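Engineer: Quick one: this structure, given as structure tokens, is what I'll be asking you about.
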Amino acid sequence: MTAGQADALQRLWPKWGLDIDGRELDLVELFGNEKPVVLEIGFGMGEATAQMAAADPGTNVLAVDVHTPGQGNLLNLADRAGLSNIRVANGDAIILLREMLAPDSLDGLRVYFPDPWPKKRHHKRRIIQPEFLTLVASRLRPGAIVHCATDWEPYAEQMLDVLTAHPDFENTRADGGFAPRPGFRPLTRFEGQGLDKGHVVNDLLFRRVQQREPLDERS
Ligand SMILES: C[S@@+](CC[C@H](N)C(=O)[O-])C[C@H]1O[C@@H](n2cnc3c(N)ncnc32)[C@H](O)[C@@H]1O
């Protein structure tokens, strides 16, 4: 961790940091307003997070990662840019989702370049899985967008398969495939490293469908 990152953590954590301690979150209290809240899982060093928050001050960004230097870096970027719409959470996104966020509380989810876990025996560690999507769906408002991106093509195919098969999500693409990188998503640090190696980047934009009828009420 650099001295600047350590200093930012010390100065800004009390104001903008969130410990993942299992307590149910009041998002209006956390951000001090009722603007829509998007969760970003695994922001890395946070450059793209800060750029997107600056470009869209009408949206609050709850950014979670386990990587402490990155948390300090993002706090620094937010401070320098005078951003008030980012909160930084330290810990496991699954606990944040499962234990701290209320049903229908989020207006979107961003997962950019999650760890690809290329070895077959590690595939179960990939975050985009059917059970994860069921948890996410319960925390998203109907109409909310799940936006994923990856430079690891086998993982992109897995993401497309599990999102397409999940009954709570529909592809925003009429052709049912990947999306080109939308203009509002800046290149990320990890993406740049992948592009340097010749990797192909795929974006996926899926919508949380309207509330479904309970199973036994469907014809
Ligand atoms: C490959 S990096 C990508 C970082 C950034 N999105 C980018 O594109 O540069 C994946 C990030 O996800 C974080 N991460 C992995 N599992 C996580 C979890 N369960 N909860 C929160 N963060 C997680 C890692 O610490 C890492 O910073």
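Order determines the names: the first chain of the structure tokens is A, the second B, and so forth; residues in each chain are numbered 1 upward, and ligands are numbered 1 upward as they are shown.
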Just want the residues within 8 Å of ligand 1, written as an NGL selection string, counting only C-alpha atoms and all ligand atoms.
Structural biologist: :A and (41-48 or 64-67 or 70 or 90-94 or 111-116 or 127 or 187-191)
Engineer: List every residue of segment 38-97 of chain A that DSSP, applied to the backbone of this structure, assigns to helix (DSSP H, G or I), and report them as an NGL selection string.
Structural biologist: :A and (47-55 or 68-81 or 93-97)
Engineer: Based on the selection just made, write C-alpha atoms of those residues as a PDB file, in the first residue's frame.
Structural biologist:
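After the write, part_23.pdb holds the following:
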```pdb
ATOM      1  CA  GLU A  47     -10.289   4.152 -11.534  1.00  0.00           C
ATOM      2  CA  ALA A  48     -13.317   3.105 -13.615  1.00  0.00           C
ATOM      3  CA  THR A  49     -15.562   3.327 -10.545  1.00  0.00           C
ATOM      4  CA  ALA A  50     -14.552   6.921  -9.884  1.00  0.00           C
ATOM      5  CA  GLN A  51     -14.929   7.884 -13.545  1.00  0.00           C
ATOM      6  CA  MET A  52     -18.430   6.408 -13.756  1.00  0.00           C
ATOM      7  CA  ALA A  53     -19.490   8.066 -10.496  1.00  0.00           C
ATOM      8  CA  ALA A  54     -18.206  11.427 -11.741  1.00  0.00           C
ATOM      9  CA  ALA A  55     -20.084  11.032 -15.018  1.00  0.00           C
ATOM     10  CA  THR A  68      -7.227  -2.710   0.962  1.00  0.00           C
ATOM     11  CA  PRO A  69      -4.796  -0.692  -1.233  1.00  0.00           C
ATOM     12  CA  GLY A  70      -7.568  -0.414  -3.829  1.00  0.00           C
ATOM     13  CA  GLN A  71      -9.967   0.877  -1.186  1.00  0.00           C
ATOM     14  CA  GLY A  72      -7.451   3.588  -0.265  1.00  0.00           C
ATOM     15  CA  ASN A  73      -6.919   4.402  -3.932  1.00  0.00           C
ATOM     16  CA  LEU A  74     -10.650   4.765  -4.642  1.00  0.00           C
ATOM     17  CA  LEU A  75     -11.164   6.938  -1.557  1.00  0.00           C
ATOM     18  CA  ASN A  76      -8.317   9.150  -2.770  1.00  0.00           C
ATOM     19  CA  LEU A  77      -9.779   9.406  -6.279  1.00  0.00           C
ATOM     20  CA  ALA A  78     -13.224  10.275  -4.889  1.00  0.00           C
ATOM     21  CA  ASP A  79     -11.747  12.876  -2.558  1.00  0.00           C
ATOM     22  CA  ARG A  80      -9.631  14.526  -5.247  1.00  0.00           C
ATOM     23  CA  ALA A  81     -12.558  14.648  -7.670  1.00  0.00           C
ATOM     24  CA  ALA A  93     -19.669  -9.045  -1.570  1.00  0.00           C
ATOM     25  CA  ILE A  94     -21.701 -12.184  -0.886  1.00  0.00           C
ATOM     26  CA  ILE A  95     -22.068 -11.299   2.810  1.00  0.00           C
ATOM     27  CA  LEU A  96     -22.929  -7.723   1.891  1.00  0.00           C
ATOM     28  CA  LEU A  97     -25.663  -8.944  -0.452  1.00  0.00           C
TER      29      LEU A  97
END
```
Engineer: Could you tell me how far atom CA of Arg207 of chain A sits from atom CA of Asn60 of chain A, in Å to one decimal place?
Structural biologist: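 Between atom CA of Asn60 of chain A and atom CA of Arg207 of chain A the gap works out to 18.8 Å.
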Engineer: Using only C-alpha atoms, determine which residues lie at most 9 Å from Val209 of chain A, disregarding the query and same-chain residues fewer than 4 positions distant; provide the list as a PyMOL selection string.
Structural biologist: chain A and resi 137+141-144+167-170
Engineer: Emit the selected residues as a PDB file, in the first residue's frame, including N, CA and C atoms.
Structural biologist:
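What follows is the written file part20.pdb:
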```
ATOM      1  N   ALA A 137     -30.766 -11.303  -7.727  1.00  0.00           N
ATOM      2  CA  ALA A 137     -32.122 -10.977  -8.206  1.00  0.00           C
ATOM      3  C   ALA A 137     -33.006 -10.535  -7.049  1.00  0.00           C
ATOM      4  N   ARG A 141     -34.156  -4.247  -7.795  1.00  0.00           N
ATOM      5  CA  ARG A 141     -35.517  -3.860  -8.175  1.00  0.00           C
ATOM      6  C   ARG A 141     -35.805  -4.394  -9.580  1.00  0.00           C
ATOM      7  N   PRO A 142     -37.075  -4.705  -9.866  1.00  0.00           N
ATOM      8  CA  PRO A 142     -37.406  -5.082 -11.241  1.00  0.00           C
ATOM      9  C   PRO A 142     -36.974  -3.976 -12.200  1.00  0.00           C
ATOM     10  N   GLY A 143     -36.413  -4.362 -13.321  1.00  0.00           N
ATOM     11  CA  GLY A 143     -35.931  -3.392 -14.303  1.00  0.00           C
ATOM     12  C   GLY A 143     -34.454  -3.047 -14.132  1.00  0.00           C
ATOM     13  N   ALA A 144     -33.870  -3.397 -12.983  1.00  0.00           N
ATOM     14  CA  ALA A 144     -32.451  -3.084 -12.732  1.00  0.00           C
ATOM     15  C   ALA A 144     -31.567  -3.873 -13.705  1.00  0.00           C
ATOM     16  N   PRO A 167     -34.350 -17.505 -14.681  1.00  0.00           N
ATOM     17  CA  PRO A 167     -35.685 -16.962 -14.962  1.00  0.00           C
ATOM     18  C   PRO A 167     -35.879 -15.515 -14.522  1.00  0.00           C
ATOM     19  N   ASP A 168     -35.016 -14.975 -13.675  1.00  0.00           N
ATOM     20  CA  ASP A 168     -35.206 -13.604 -13.187  1.00  0.00           C
ATOM     21  C   ASP A 168     -34.517 -12.553 -14.050  1.00  0.00           C
ATOM     22  N   PHE A 169     -33.834 -12.987 -15.113  1.00  0.00           N
ATOM     23  CA  PHE A 169     -33.107 -12.027 -15.952  1.00  0.00           C
ATOM     24  C   PHE A 169     -33.432 -12.228 -17.421  1.00  0.00           C
ATOM     25  N   GLU A 170     -33.387 -11.099 -18.161  1.00  0.00           N
ATOM     26  CA  GLU A 170     -33.524 -11.194 -19.619  1.00  0.00           C
ATOM     27  C   GLU A 170     -32.427 -10.361 -20.251  1.00  0.00           C
TER      28      GLU A 170
END
```
Engineer: Among segment 28-121 of chain A, which ones does DSSP assign to strand (DSSP E) (computed from the backbone)? Answer as a VMD selection string.
Structural biologist: chain A and resid 37 to 41 60 to 65 86 to 90 106 to 112
Engineer: Can you write out the residues you just picked, keeping N, CA and C atoms, as a PDB file, in the first residue's frame?
Structural biologist:
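Written out: out32.pdb:
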```pdb
ATOM      1  N   VAL A  37     -29.196   3.373  -6.148  1.00  0.00           N
ATOM      2  CA  VAL A  37     -27.905   2.820  -5.708  1.00  0.00           C
ATOM      3  C   VAL A  37     -27.524   1.625  -6.590  1.00  0.00           C
ATOM      4  N   VAL A  38     -26.316   1.680  -7.114  1.00  0.00           N
ATOM      5  CA  VAL A  38     -25.757   0.583  -7.902  1.00  0.00           C
ATOM      6  C   VAL A  38     -24.614  -0.031  -7.105  1.00  0.00           C
ATOM      7  N   LEU A  39     -24.574  -1.363  -7.068  1.00  0.00           N
ATOM      8  CA  LEU A  39     -23.491  -2.068  -6.381  1.00  0.00           C
ATOM      9  C   LEU A  39     -22.435  -2.467  -7.403  1.00  0.00           C
ATOM     10  N   GLU A  40     -21.165  -2.134  -7.123  1.00  0.00           N
ATOM     11  CA  GLU A  40     -20.074  -2.641  -7.958  1.00  0.00           C
ATOM     12  C   GLU A  40     -19.250  -3.618  -7.127  1.00  0.00           C
ATOM     13  N   ILE A  41     -19.123  -4.831  -7.642  1.00  0.00           N
ATOM     14  CA  ILE A  41     -18.356  -5.865  -6.935  1.00  0.00           C
ATOM     15  C   ILE A  41     -16.981  -5.996  -7.574  1.00  0.00           C
ATOM     16  N   ASN A  60     -25.872   6.729  -6.914  1.00  0.00           N
ATOM     17  CA  ASN A  60     -24.939   6.380  -5.845  1.00  0.00           C
ATOM     18  C   ASN A  60     -24.268   5.052  -6.169  1.00  0.00           C
ATOM     19  N   VAL A  61     -22.984   4.959  -5.878  1.00  0.00           N
ATOM     20  CA  VAL A  61     -22.235   3.730  -6.146  1.00  0.00           C
ATOM     21  C   VAL A  61     -21.733   3.146  -4.828  1.00  0.00           C
ATOM     22  N   LEU A  62     -22.187   1.949  -4.537  1.00  0.00           N
ATOM     23  CA  LEU A  62     -21.668   1.202  -3.393  1.00  0.00           C
ATOM     24  C   LEU A  62     -20.644   0.228  -3.958  1.00  0.00           C
ATOM     25  N   ALA A  63     -19.378   0.470  -3.657  1.00  0.00           N
ATOM     26  CA  ALA A  63     -18.280  -0.278  -4.286  1.00  0.00           C
ATOM     27  C   ALA A  63     -17.646  -1.189  -3.245  1.00  0.00           C
ATOM     28  N   VAL A  64     -17.591  -2.480  -3.544  1.00  0.00           N
ATOM     29  CA  VAL A  64     -17.068  -3.425  -2.560  1.00  0.00           C
ATOM     30  C   VAL A  64     -15.880  -4.189  -3.129  1.00  0.00           C
ATOM     31  N   ASP A  65     -14.870  -4.333  -2.299  1.00  0.00           N
ATOM     32  CA  ASP A  65     -13.696  -5.152  -2.646  1.00  0.00           C
ATOM     33  C   ASP A  65     -13.013  -5.565  -1.347  1.00  0.00           C
ATOM     34  N   ILE A  86     -19.949   7.981  -3.789  1.00  0.00           N
ATOM     35  CA  ILE A  86     -19.294   6.663  -3.686  1.00  0.00           C
ATOM     36  C   ILE A  86     -19.141   6.295  -2.212  1.00  0.00           C
ATOM     37  N   ARG A  87     -19.490   5.067  -1.885  1.00  0.00           N
ATOM     38  CA  ARG A  87     -19.155   4.518  -0.570  1.00  0.00           C
ATOM     39  C   ARG A  87     -18.351   3.248  -0.825  1.00  0.00           C
ATOM     40  N   VAL A  88     -17.361   2.994   0.018  1.00  0.00           N
ATOM     41  CA  VAL A  88     -16.427   1.897  -0.211  1.00  0.00           C
ATOM     42  C   VAL A  88     -16.592   0.868   0.907  1.00  0.00           C
ATOM     43  N   ALA A  89     -16.922  -0.354   0.509  1.00  0.00           N
ATOM     44  CA  ALA A  89     -17.122  -1.411   1.497  1.00  0.00           C
ATOM     45  C   ALA A  89     -15.955  -2.380   1.459  1.00  0.00           C
ATOM     46  N   ASN A  90     -15.554  -2.820   2.638  1.00  0.00           N
ATOM     47  CA  ASN A  90     -14.403  -3.700   2.785  1.00  0.00           C
ATOM     48  C   ASN A  90     -14.857  -5.098   3.174  1.00  0.00           C
ATOM     49  N   LEU A 106     -31.507  -2.438  -4.608  1.00  0.00           N
ATOM     50  CA  LEU A 106     -30.482  -1.989  -5.558  1.00  0.00           C
ATOM     51  C   LEU A 106     -31.070  -1.700  -6.932  1.00  0.00           C
ATOM     52  N   ASP A 107     -30.481  -0.707  -7.592  1.00  0.00           N
ATOM     53  CA  ASP A 107     -30.929  -0.328  -8.940  1.00  0.00           C
ATOM     54  C   ASP A 107     -29.992  -0.832 -10.024  1.00  0.00           C
ATOM     55  N   GLY A 108     -28.983  -1.573  -9.637  1.00  0.00           N
ATOM     56  CA  GLY A 108     -28.096  -2.145 -10.639  1.00  0.00           C
ATOM     57  C   GLY A 108     -26.932  -2.859  -9.979  1.00  0.00           C
ATOM     58  N   LEU A 109     -26.276  -3.712 -10.778  1.00  0.00           N
ATOM     59  CA  LEU A 109     -25.078  -4.421 -10.317  1.00  0.00           C
ATOM     60  C   LEU A 109     -24.035  -4.350 -11.419  1.00  0.00           C
ATOM     61  N   ARG A 110     -22.782  -4.057 -11.018  1.00  0.00           N
ATOM     62  CA  ARG A 110     -21.662  -4.046 -11.964  1.00  0.00           C
ATOM     63  C   ARG A 110     -20.624  -5.041 -11.483  1.00  0.00           C
ATOM     64  N   VAL A 111     -20.227  -5.925 -12.374  1.00  0.00           N
ATOM     65  CA  VAL A 111     -19.140  -6.872 -12.063  1.00  0.00           C
ATOM     66  C   VAL A 111     -18.188  -6.849 -13.253  1.00  0.00           C
ATOM     67  N   TYR A 112     -17.119  -6.060 -13.122  1.00  0.00           N
ATOM     68  CA  TYR A 112     -16.204  -5.867 -14.239  1.00  0.00           C
ATOM     69  C   TYR A 112     -14.914  -6.654 -14.017  1.00  0.00           C
TER      70      TYR A 112
END
```
Engineer: Would you kindly return, as a list in words, each protein, DNA or RNA residue with an atom no farther than 12 Å from any atom of Glu131 of chain A, considering only C-alpha atoms and excluding same-chain residues fewer than 5 positions away?
Structural biologist: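 With the cut-off at 12 Å, the set is Ile94, Arg98, Lys124, Arg126, Val136, Ala137, Ser138, Val162, Leu163, His166 and Asp168 of chain A.
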Engineer: Could the residues in this selection be written to a file with C-alpha atoms, as a PDB file, in the first residue's frame?
Structural biologist:
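In the end it all went to out26.pdb:
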```pdb
ATOM      1  CA  ILE A  94     -21.701 -12.184  -0.886  1.00  0.00           C
ATOM      2  CA  ARG A  98     -26.999 -11.730   1.730  1.00  0.00           C
ATOM      3  CA  LYS A 124     -16.595 -23.246  -8.786  1.00  0.00           C
ATOM      4  CA  ARG A 126     -16.175 -17.943 -10.163  1.00  0.00           C
ATOM      5  CA  VAL A 136     -28.631 -10.806  -6.688  1.00  0.00           C
ATOM      6  CA  ALA A 137     -32.122 -10.977  -8.206  1.00  0.00           C
ATOM      7  CA  SER A 138     -33.662 -10.803  -4.746  1.00  0.00           C
ATOM      8  CA  VAL A 162     -26.193 -18.819 -16.634  1.00  0.00           C
ATOM      9  CA  LEU A 163     -27.737 -15.383 -17.127  1.00  0.00           C
ATOM     10  CA  HIS A 166     -31.931 -17.706 -15.112  1.00  0.00           C
ATOM     11  CA  ASP A 168     -35.206 -13.604 -13.187  1.00  0.00           C
TER      12      ASP A 168
END
```
Engineer: Which one of A:Gly198, A:Pro118, A:Pro180, A:Gly58 sits closest to Pro154 of chain A if you count only C-alpha atoms?
Structural biologist: A:Pro118
Engineer: Any idea what the distance is between atom CA of Gln129 of chain A and atom CA of Ala179 of chain A?
Structural biologist: 19.5 Å
